[in-house]
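> Structure in structure tokens, see below.
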Amino acid sequence: MSRNSILFVALLSLGLPVAASAGETPRQIAGKPSAKLVGVWRSEVGATITFKSNGIVVYKGRRYHYAAGNGAIQLKNRKVFRQLPYRIFDDKLTVTDNGVDTVYTRD
């Protein structure tokens with residue numbers, strides 16, 4: 001089994017997304033902010049997530065560069081690279097972070 005195949009199987013077993021969108025790897029969508037996400041979103045408990053059109057997001061009080069595709073938001077700064085599953089349905093944004101879904105409504 002090749003090294004890439006082993007990595008693929010390992011990521012799948014952890015439940016992590018292995019591709020950003022059809023035919024694209026996570027690195028290939030870097031710098032592609034999603035127009036659907038742009039704006040300020042607020043949860044029922046008052047937490048906010050702010051996506052800017054310039055590719056910056058403020059999430060849990062920290063600034064990141066972001067890109068989105070195939071149901072995953074990539075967050076990146078000098079020390080952190082994360083992928084968070086998300087979906088938008090009925091004008092609500094649901095972000096899954098460490099297995100916990102948070103539902104946001106656009107301000």
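Residues in the structure tokens are named by chain (A, B, ... in the order shown) and by number from 1 within that chain; ligands are numbered from 1 in the order shown.
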Could you pull the residues within 12 Å of stretch 51-60 of chain A, counting only C-alpha atoms, minus those fewer than 5 positions along the same chain, as number ranges by chain?
A: 29-43, 46, 65-68, 73-77, 82, 84, 93, 95, 97, 102, 106-107
> Using Å and a single decimal, report how far atom CA of A:Val80 sits from atom CA of A:Arg63.
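Computing the Euclidean distance for atom CA of A:Arg63 and atom CA of A:Val80 yields 10.7 Å.
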